[in-house]
>>> print(open('structure-v2.cif').read())   # mmCIF, C-alpha atoms
data_final
#
loop_
_atom_site.label_atom_id
_atom_site.label_comp_id
_atom_site.auth_asym_id
_atom_site.auth_seq_id
_atom_site.Cartn_x
_atom_site.Cartn_y
_atom_site.Cartn_z
CA MET R 263 53.21 108.77 80.40
CA ALA R 264 54.65 105.93 78.32
CA ALA R 265 58.15 106.76 79.57
CA VAL R 266 56.94 106.82 83.19
CA ALA R 267 55.20 103.49 82.73
CA ARG R 268 58.32 102.04 81.12
CA ASP R 269 60.52 103.27 83.99
CA THR R 270 58.05 101.85 86.51
CA GLY R 271 58.09 98.49 84.74
CA ILE R 272 61.89 98.45 84.67
CA ARG R 273 62.07 99.21 88.38
CA ARG R 274 59.50 96.53 89.11
CA ASN R 275 61.43 93.95 87.07
CA ASN R 276 64.68 94.93 88.76
CA GLY R 277 62.98 94.55 92.12
CA PHE R 278 61.66 91.11 91.19
CA ARG R 279 65.12 90.02 90.05
CA ARG R 280 66.73 91.37 93.19
CA HIS R 281 64.23 89.66 95.47
CA GLY R 282 64.50 86.47 93.41
CA ALA R 283 68.29 86.47 93.74
CA THR R 284 68.00 87.03 97.49
CA ALA R 285 65.54 84.14 97.81
CA LEU R 286 67.85 81.87 95.83
CA ARG R 287 70.79 82.78 98.08
CA LEU R 288 68.76 82.01 101.20
CA VAL R 289 67.64 78.67 99.77
CA ALA R 290 71.26 77.87 98.91
CA VAL R 291 72.35 78.74 102.47
CA ALA R 292 69.62 76.50 103.90
CA ALA R 293 70.60 73.66 101.56
CA LEU R 294 74.28 73.94 102.50
CA TYR R 295 73.34 74.01 106.19
CA TYR R 296 71.18 70.91 105.81
CA ALA R 297 73.83 69.03 103.83
CA GLY R 298 76.48 69.88 106.43
CA ALA R 299 74.18 68.73 109.23
CA TRP R 300 73.46 65.44 107.47
CA ILE R 301 77.20 64.79 107.17
CA GLY R 302 77.77 65.76 110.81
CA LEU R 303 75.02 63.50 112.11
CA LEU R 304 76.77 60.50 110.61
CA GLN R 305 79.17 60.68 113.59
CA GLU R 306 76.71 61.51 116.39
CA LEU R 307 77.80 60.52 119.89
CA VAL R 308 75.03 61.86 122.16
CA ARG R 309 71.29 61.33 121.55
CA ASP R 310 71.53 61.06 117.76
CA GLN R 311 72.06 64.83 117.35
CA VAL R 312 75.18 65.92 119.24
CA THR R 313 78.40 65.38 117.30
CA PRO R 314 82.10 66.20 117.87
CA LEU R 315 82.19 68.16 114.58
CA TRP R 316 79.15 70.18 113.57
CA PRO R 317 79.78 71.57 110.05
CA PRO R 318 76.62 73.77 109.93
CA THR R 319 78.12 76.28 112.38
CA GLY R 320 81.12 76.77 110.13
CA ILE R 321 78.85 76.99 107.07
CA ALA R 322 76.59 79.52 108.79
CA LEU R 323 79.46 81.78 109.88
CA ALA R 324 81.09 81.61 106.43
CA CYS R 325 77.77 82.57 104.80
CA LEU R 326 77.38 85.53 107.15
CA LEU R 327 80.94 86.69 106.46
CA THR R 328 80.52 86.48 102.69
CA LEU R 329 76.83 87.36 102.19
CA GLY R 330 76.24 89.64 105.16
CA PRO R 331 73.74 89.52 108.05
CA MET R 332 70.78 89.05 105.70
CA ALA R 333 71.80 85.40 105.35
CA TRP R 334 70.31 84.58 108.77
CA PRO R 335 66.85 83.45 107.47
CA GLY R 336 68.58 80.76 105.41
CA ILE R 337 70.45 79.60 108.52
CA ALA R 338 67.22 79.46 110.52
CA LEU R 339 65.43 77.58 107.73
CA GLY R 340 68.24 75.03 107.54
CA ALA R 341 68.22 74.60 111.32
CA VAL R 342 64.47 73.94 111.28
CA ALA R 343 64.82 71.36 108.51
CA VAL R 344 67.57 69.57 110.46
CA ASN R 345 66.12 69.59 113.98
CA ALA R 346 62.39 69.18 113.32
CA PRO R 347 62.60 65.43 112.51
CA ILE R 348 64.94 64.57 115.41
CA GLY R 349 63.88 67.00 118.12
CA PRO R 350 62.18 65.64 121.24
CA SER R 351 59.35 68.23 121.22
CA PRO R 352 58.25 71.31 119.26
CA LEU R 353 59.38 73.68 122.02
CA ALA R 354 62.76 71.99 122.28
CA VAL R 355 63.16 72.19 118.48
CA LEU R 356 62.30 75.90 118.58
CA ALA R 357 64.86 76.54 121.33
CA ILE R 358 67.57 74.59 119.50
CA VAL R 359 66.83 76.45 116.25
CA VAL R 360 67.05 79.80 118.04
CA GLY R 361 70.36 78.82 119.65
CA ASN R 362 71.81 77.47 116.40
CA THR R 363 70.84 80.69 114.62
CA LEU R 364 71.94 83.16 117.29
CA ALA R 365 75.37 81.57 117.85
CA PRO R 366 76.83 82.25 114.36
CA ILE R 367 75.14 85.67 114.27
CA CYS R 368 76.81 86.64 117.55
CA SER R 369 80.13 85.29 116.28
CA TYR R 370 79.73 87.34 113.10
CA LEU R 371 78.93 90.52 115.07
CA LEU R 372 81.91 89.99 117.37
CA LEU R 373 84.24 89.44 114.42
CA ARG R 374 82.95 92.49 112.59
CA ARG R 375 83.32 94.56 115.74
CA VAL R 376 87.07 93.86 115.94
CA GLY R 377 87.71 94.38 112.21
CA PHE R 378 88.06 90.74 111.16
CA ARG R 379 89.20 90.20 107.56
CA PRO R 380 87.86 87.01 105.87
CA ALA R 381 91.13 86.66 103.97
CA LEU R 382 92.73 85.50 107.25
CA ASP R 383 95.98 87.15 106.18
CA ARG R 384 96.89 88.43 109.65
CA LEU R 385 97.64 86.64 112.89
CA ARG R 386 95.05 88.74 114.72
CA ASP R 387 92.34 87.52 112.31
CA ALA R 388 93.17 83.89 113.13
CA LEU R 389 93.19 84.62 116.86
CA VAL R 390 89.83 86.39 116.90
CA LEU R 391 88.30 83.63 114.78
CA VAL R 392 89.45 81.12 117.39
CA PHE R 393 88.52 82.99 120.56
CA LEU R 394 85.53 85.08 119.46
CA GLY R 395 84.13 83.21 116.47
CA ALA R 396 84.55 79.65 117.76
CA LEU R 397 85.01 79.52 121.53
CA ALA R 398 82.88 82.48 122.65
CA GLY R 399 80.09 82.53 120.07
CA MET R 400 79.34 78.81 120.28
CA LEU R 401 78.64 79.01 124.02
CA ILE R 402 75.14 80.16 123.05
CA SER R 403 74.15 77.19 120.92
CA ALA R 404 75.63 74.64 123.32
CA THR R 405 73.97 76.11 126.40
CA VAL R 406 70.56 76.68 124.82
CA GLY R 407 70.51 73.33 123.01
CA THR R 408 71.61 71.21 125.95
CA ALA R 409 69.21 72.99 128.31
CA ALA R 410 66.36 72.38 125.83
CA LEU R 411 67.12 68.64 125.78
CA ILE R 412 67.22 68.52 129.59
CA VAL R 413 63.92 70.41 129.97
CA ALA R 414 62.25 68.20 127.35
CA GLY R 415 63.36 65.09 129.26
CA ALA R 416 65.49 63.82 126.38
CA LEU R 417 68.63 63.84 128.56
CA PRO R 418 69.14 63.12 132.27
CA VAL R 419 70.18 66.14 134.30
CA GLY R 420 73.40 64.36 135.25
CA ASP R 421 74.45 64.21 131.60
CA PHE R 422 74.28 67.98 131.13
CA TRP R 423 78.01 68.70 131.18
CA THR R 424 78.88 65.72 129.01
CA ALA R 425 76.36 66.71 126.35
CA TRP R 426 77.24 70.42 126.71
CA SER R 427 80.95 69.80 126.22
CA VAL R 428 80.37 67.66 123.12
CA TRP R 429 77.93 70.23 121.72
CA TRP R 430 80.20 73.22 122.41
CA THR R 431 83.39 71.64 121.10
CA GLY R 432 81.55 70.26 118.06
CA ASP R 433 80.22 73.70 117.16
CA ALA R 434 83.60 75.32 117.83
CA MET R 435 85.38 72.75 115.67
CA GLY R 436 82.88 73.43 112.91
CA VAL R 437 84.01 77.06 112.93
CA LEU R 438 87.72 76.25 113.18
CA VAL R 439 87.71 73.60 110.45
CA ILE R 440 84.89 74.47 108.04
CA THR R 441 84.82 78.29 108.03
CA PRO R 442 88.45 78.81 106.86
CA LEU R 443 88.00 76.20 104.12
CA LEU R 444 84.83 77.87 102.82
CA LEU R 445 86.46 81.31 102.92
CA VAL R 446 89.33 79.96 100.82
CA LEU R 447 86.91 78.40 98.33
CA HIS R 448 84.88 81.61 98.14
CA ARG R 449 87.99 83.67 97.41
CA LEU R 450 89.11 81.18 94.75
CA LEU R 451 85.70 81.16 93.04
CA HIS R 452 85.60 84.95 93.17
CA ARG R 453 88.93 85.16 91.36
CA LEU R 454 87.92 82.57 88.77
CA LEU R 455 84.63 84.32 88.01
CA HIS R 456 86.29 87.71 87.63
CA ARG R 457 89.26 86.49 85.60
CA ALA R 458 87.28 83.80 83.75
CA ARG R 459 90.38 81.60 83.67
CA LEU R 460 92.63 79.54 85.88
CA PRO R 461 95.61 81.30 87.47
CA ARG R 462 98.66 81.31 85.23
CA GLY R 463 102.15 80.36 86.19
CA VAL R 464 101.21 77.39 88.38
CA SER R 465 103.96 74.84 88.01
CA PRO R 466 103.00 71.17 87.49
CA TYR R 467 105.40 70.36 90.31
CA ARG R 468 103.39 72.65 92.55
CA LEU R 469 100.22 70.70 91.73
CA LEU R 470 102.03 67.41 92.35
CA GLU R 471 103.25 68.71 95.68
CA ALA R 472 99.70 69.69 96.67
CA ALA R 473 98.38 66.24 95.71
CA ALA R 474 101.20 64.53 97.61
CA LEU R 475 100.45 66.70 100.63
CA LEU R 476 96.76 65.78 100.71
CA LEU R 477 97.36 62.09 100.10
CA GLY R 478 100.19 61.98 102.64
CA THR R 479 98.07 63.71 105.27
CA ALA R 480 95.23 61.23 104.74
CA ALA R 481 97.56 58.20 104.82
CA VAL R 482 99.44 59.26 107.96
CA THR R 483 96.20 60.16 109.76
CA LEU R 484 94.70 56.77 108.90
CA VAL R 485 97.75 55.02 110.34
CA ALA R 486 97.83 57.24 113.44
CA THR R 487 94.12 56.83 114.22
CA ARG R 488 93.94 53.07 113.51
CA THR R 489 96.97 52.04 115.57
CA GLU R 490 96.61 51.55 119.29
CA VAL R 491 100.10 52.95 119.81
CA SER R 492 99.84 56.72 120.20
CA LEU R 493 101.10 58.12 116.88
CA LEU R 494 98.82 61.14 116.55
CA PHE R 495 101.79 63.52 116.60
CA LEU R 496 102.79 62.29 113.13
CA VAL R 497 100.17 64.52 111.48
CA PHE R 498 101.75 67.78 112.64
CA PRO R 499 104.67 67.79 110.14
CA PHE R 500 102.11 67.59 107.33
CA LEU R 501 100.12 70.49 108.77
CA ILE R 502 103.30 72.54 109.07
CA TRP R 503 104.23 71.60 105.48
CA ALA R 504 100.80 72.73 104.29
CA ALA R 505 100.97 76.05 106.12
CA LEU R 506 104.52 76.85 105.02
CA ARG R 507 104.06 75.99 101.35
CA PHE R 508 100.38 76.77 100.66
CA GLN R 509 99.22 78.85 103.64
CA LEU R 510 95.49 78.67 104.36
CA ALA R 511 94.67 77.12 100.97
CA GLY R 512 96.67 74.03 101.99
CA ALA R 513 96.26 74.08 105.76
CA ALA R 514 92.44 74.23 105.75
CA PRO R 515 91.78 71.03 103.73
CA CYS R 516 94.52 69.15 105.58
CA SER R 517 93.00 70.13 108.92
CA LEU R 518 89.60 68.94 107.70
CA ILE R 519 91.03 65.57 106.61
CA VAL R 520 92.72 65.04 109.98
CA SER R 521 89.60 65.98 111.97
CA VAL R 522 87.21 63.81 109.95
CA LEU R 523 89.42 60.71 110.16
CA ALA R 524 90.04 61.23 113.89
CA ILE R 525 86.30 61.58 114.54
CA ALA R 526 85.58 58.41 112.56
CA ALA R 527 88.14 56.51 114.65
CA THR R 528 86.61 57.86 117.87
CA ALA R 529 83.10 56.87 116.83
CA GLU R 530 84.31 53.36 116.02
CA GLY R 531 86.43 53.14 119.18
CA THR R 532 89.60 52.16 117.33
CA GLY R 533 93.23 53.15 117.61
CA PRO R 534 94.29 55.39 120.51
CA PHE R 535 90.61 56.10 121.21
CA SER R 536 89.78 52.48 122.10
CA HIS R 537 89.36 51.04 125.59
CA HIS R 538 88.21 54.38 127.00
CA SER R 539 84.89 55.76 128.16
CA LEU R 540 83.00 58.32 126.07
CA PRO R 541 84.15 61.32 128.17
CA ALA R 542 87.79 60.20 127.96
CA ARG R 543 87.53 59.66 124.21
CA MET R 544 85.94 63.08 123.76
CA VAL R 545 88.67 64.82 125.77
CA THR R 546 91.38 63.12 123.70
CA LEU R 547 89.62 63.76 120.41
CA GLN R 548 88.82 67.41 120.98
CA ALA R 549 92.27 68.17 122.38
CA PHE R 550 93.78 66.58 119.28
CA ASN R 551 91.41 68.26 116.83
CA GLY R 552 91.79 71.62 118.53
CA SER R 553 95.58 71.35 118.43
CA THR R 554 95.62 70.46 114.74
CA ALA R 555 93.16 73.21 113.79
CA LEU R 556 95.04 75.83 115.79
CA THR R 557 98.39 74.74 114.36
CA ALA R 558 97.12 74.92 110.78
CA LEU R 559 95.20 78.17 111.20
CA LEU R 560 97.69 80.18 113.23
CA LEU R 561 100.79 79.07 111.35
CA SER R 562 99.23 79.76 107.95
CA ALA R 563 98.19 83.23 109.14
CA ILE R 564 101.72 83.95 110.40
CA ILE R 565 103.27 82.86 107.09
CA THR R 566 100.75 84.88 105.07
CA GLU R 567 101.39 87.97 107.16
CA ARG R 568 105.15 87.52 106.84
CA ASN R 569 104.92 87.20 103.06
CA ALA R 570 102.76 90.31 102.84
CA THR R 571 105.28 92.24 104.95
CA ARG R 572 108.12 91.08 102.71
CA ARG R 573 106.27 92.19 99.57
CA GLN R 574 105.56 95.56 101.15
CA ILE R 575 109.23 96.00 102.01
CA GLU R 576 110.20 95.12 98.44
CA ARG R 577 107.78 97.70 97.05
CA VAL R 578 109.07 100.37 99.42
CA CYS R 579 112.67 99.57 98.44
CA ALA R 580 111.79 99.83 94.75
CA GLN R 581 110.04 103.16 95.32
CA LEU R 582 113.01 104.43 97.35
CA ALA R 583 115.43 103.41 94.61
CA GLU R 584 113.29 105.24 92.06
CA ALA R 585 113.20 108.36 94.25
CA VAL R 586 116.98 108.28 94.70
CA PHE R 587 117.43 108.07 90.93
CA ARG R 588 115.21 111.11 90.41
CA LEU R 589 117.16 113.13 93.01
CA ALA R 590 120.54 111.95 91.74
CA PRO R 591 120.25 111.14 88.02
CA ASP R 592 123.96 110.39 87.80
CA GLU R 593 123.51 107.35 90.03
CA PRO R 594 123.08 104.01 88.22
CA ARG R 595 119.41 103.25 87.63
CA PRO R 596 118.04 99.95 88.96
CA PRO R 597 117.77 97.36 86.20
CA GLU R 598 114.39 97.34 84.48
CA ASP R 599 114.02 93.59 84.98
CA ASP R 600 114.52 93.95 88.73
CA ARG R 601 111.86 96.63 88.97
CA LYS R 602 109.37 94.56 87.00
CA SER R 603 110.02 91.45 89.07
CA THR R 604 109.53 93.49 92.24
CA ASP R 605 106.26 94.88 90.91
CA ARG R 606 105.05 91.40 89.99
CA ARG R 607 105.77 90.13 93.49
#
>>> encode(input="structure-v2.cif", output="structure tokens")
Amino acid sequence: MAAVARDTGIRRNNGFRRHGATALRLVAVAALYYAGAWIGLLQELVRDQVTPLWPPTGIALACLLTLGPMAWPGIALGAVAVNAPIGPSPLAVLAIVVGNTLAPICSYLLLRRVGFRPALDRLRDALVLVFLGALAGMLISATVGTAALIVAGALPVGDFWTAWSVWWTGDAMGVLVITPLLLVLHRLLHRLLHRARLPRGVSPYRLLEAAALLLGTAAVTLVATRTEVSLLFLVFPFLIWAALRFQLAGAAPCSLIVSVLAIAATAEGTGPFSHHSLPARMVTLQAFNGSTALTALLLSAIITERNATRRQIERVCAQLAEAVFRLAPDEPRPPEDDRKSTDRR
């Protein structure tokens, strides 16, 4: 009986710890969602709650991809905390919360259906994130949220398409800009926790290059978005540099820097975004942000896939050379250093 009681107590304690860990994860998801929303609302353009970049959608999708579908209560809790103080009515808040929760869940289900890999190491993963995760999934939140504001009388019916376009593109940009960055950070933290040390073999020149890349991207974007002459194209060489040299780990933060600075310039009406109406500014901004995000995401995926293919070819060549040596022992054996270097790559 004592052993049975002890086993029961152990199971009960394990259950409490498991439920406690789940609750902490959900609270963390809600806190991240709320923090992202607070940052996004700093650049609102329509009715104090519709912004051209909505980070919570990217945070929500990243949490679903890393924690699984059970993260949805944290997303819903964060959406309630964000929209309850600024919503026009309780029913409108409920509708917006439902839309903001369902959109990333649908994106997650679509991505899982097509075999999406969070590592974003294939071109197809980048494409499905763009078309299914961002463009298709966010139709739900934009449509439900804008309709709720119209029904509640918070927006005139004639402003539906303007508000809908800002809402949809803001949610989509949140997925394109924030989700890849969080997936990179999650993978980096996972490696650090398992290895309990920083990666070895990182050259100081590599770190200096990364710092120069980030600072250069910020400086060029500031110049391009604060000058009335159209110089926005100057940011693309830096995005290409980031994708070629650092893949997603470099392209994701550079894309975020460009998008945030461009949104700030649009909200202030400076640079190439000045002297235009709100719809014209939004079209220019979202076309620019979409182009930069797609360039960074797709090019980094192509480079990552190419590097993986090259490493696979090198491994196959090494294995073939080893097989030839076994079949024909009189043939010269590949140098040991070459085989080790191939294995390391």
>>> resolve_selection(input="structure-v2.cif", expression="the PyMOL selection byres ((chain R and resi 558) around 10)", output="VMD selection string")
chain R and resid 438 to 439 498 500 to 506 509 to 510 512 to 517 552 to 557 559 to 563
>>> atom_distance(input="structure-v2.cif", atom1="CA of Leu364 (chain R)", atom2="CA of Trp430 (chain R)")
13.9 Å
>>> resolve_selection(input="structure-v2.cif", expression="the PyMOL selection byres ((chain R and resi 475-490) around 9)", output="ChimeraX atom specification")
/R:470-474,491-497,500-501,503-504,512,515-517,519-520,523-524,526-528,532-536
>>> write_last_selection(input="structure-v2.cif", atoms="C-alpha atoms", output="PDB file, in the coordinates of the input")
ATOM      1  CA  LEU R 470     102.030  67.410  92.350  1.00  0.00           C
ATOM      2  CA  GLU R 471     103.250  68.710  95.680  1.00  0.00           C
ATOM      3  CA  ALA R 472      99.700  69.690  96.670  1.00  0.00           C
ATOM      4  CA  ALA R 473      98.380  66.240  95.710  1.00  0.00           C
ATOM      5  CA  ALA R 474     101.200  64.530  97.610  1.00  0.00           C
ATOM      6  CA  VAL R 491     100.100  52.950 119.810  1.00  0.00           C
ATOM      7  CA  SER R 492      99.840  56.720 120.200  1.00  0.00           C
ATOM      8  CA  LEU R 493     101.100  58.120 116.880  1.00  0.00           C
ATOM      9  CA  LEU R 494      98.820  61.140 116.550  1.00  0.00           C
ATOM     10  CA  PHE R 495     101.790  63.520 116.600  1.00  0.00           C
ATOM     11  CA  LEU R 496     102.790  62.290 113.130  1.00  0.00           C
ATOM     12  CA  VAL R 497     100.170  64.520 111.480  1.00  0.00           C
ATOM     13  CA  PHE R 500     102.110  67.590 107.330  1.00  0.00           C
ATOM     14  CA  LEU R 501     100.120  70.490 108.770  1.00  0.00           C
ATOM     15  CA  TRP R 503     104.230  71.600 105.480  1.00  0.00           C
ATOM     16  CA  ALA R 504     100.800  72.730 104.290  1.00  0.00           C
ATOM     17  CA  GLY R 512      96.670  74.030 101.990  1.00  0.00           C
ATOM     18  CA  PRO R 515      91.780  71.030 103.730  1.00  0.00           C
ATOM     19  CA  CYS R 516      94.520  69.150 105.580  1.00  0.00           C
ATOM     20  CA  SER R 517      93.000  70.130 108.920  1.00  0.00           C
ATOM     21  CA  ILE R 519      91.030  65.570 106.610  1.00  0.00           C
ATOM     22  CA  VAL R 520      92.720  65.040 109.980  1.00  0.00           C
ATOM     23  CA  LEU R 523      89.420  60.710 110.160  1.00  0.00           C
ATOM     24  CA  ALA R 524      90.040  61.230 113.890  1.00  0.00           C
ATOM     25  CA  ALA R 526      85.580  58.410 112.560  1.00  0.00           C
ATOM     26  CA  ALA R 527      88.140  56.510 114.650  1.00  0.00           C
ATOM     27  CA  THR R 528      86.610  57.860 117.870  1.00  0.00           C
ATOM     28  CA  THR R 532      89.600  52.160 117.330  1.00  0.00           C
ATOM     29  CA  GLY R 533      93.230  53.150 117.610  1.00  0.00           C
ATOM     30  CA  PRO R 534      94.290  55.390 120.510  1.00  0.00           C
ATOM     31  CA  PHE R 535      90.610  56.100 121.210  1.00  0.00           C
ATOM     32  CA  SER R 536      89.780  52.480 122.100  1.00  0.00           C
TER      33      SER R 536
END
>>> atom_distance(input="structure-v2.cif", atom1="CA of Glu530 (chain R)", atom2="CA of Ala549 (chain R)")
18.0 Å
>>> atom_distance(input="structure-v2.cif", atom1="CA of Val413 (chain R)", atom2="CA of Gly349 (chain R)")
12.3 Å
>>> resolve_selection(input="structure-v2.cif", expression="the PyMOL selection byres ((chain R and resi 409) around 10)", output="MDAnalysis selection string")
chainID R and resid 354 357:358 403:408 410:415 417 419 422 425:426
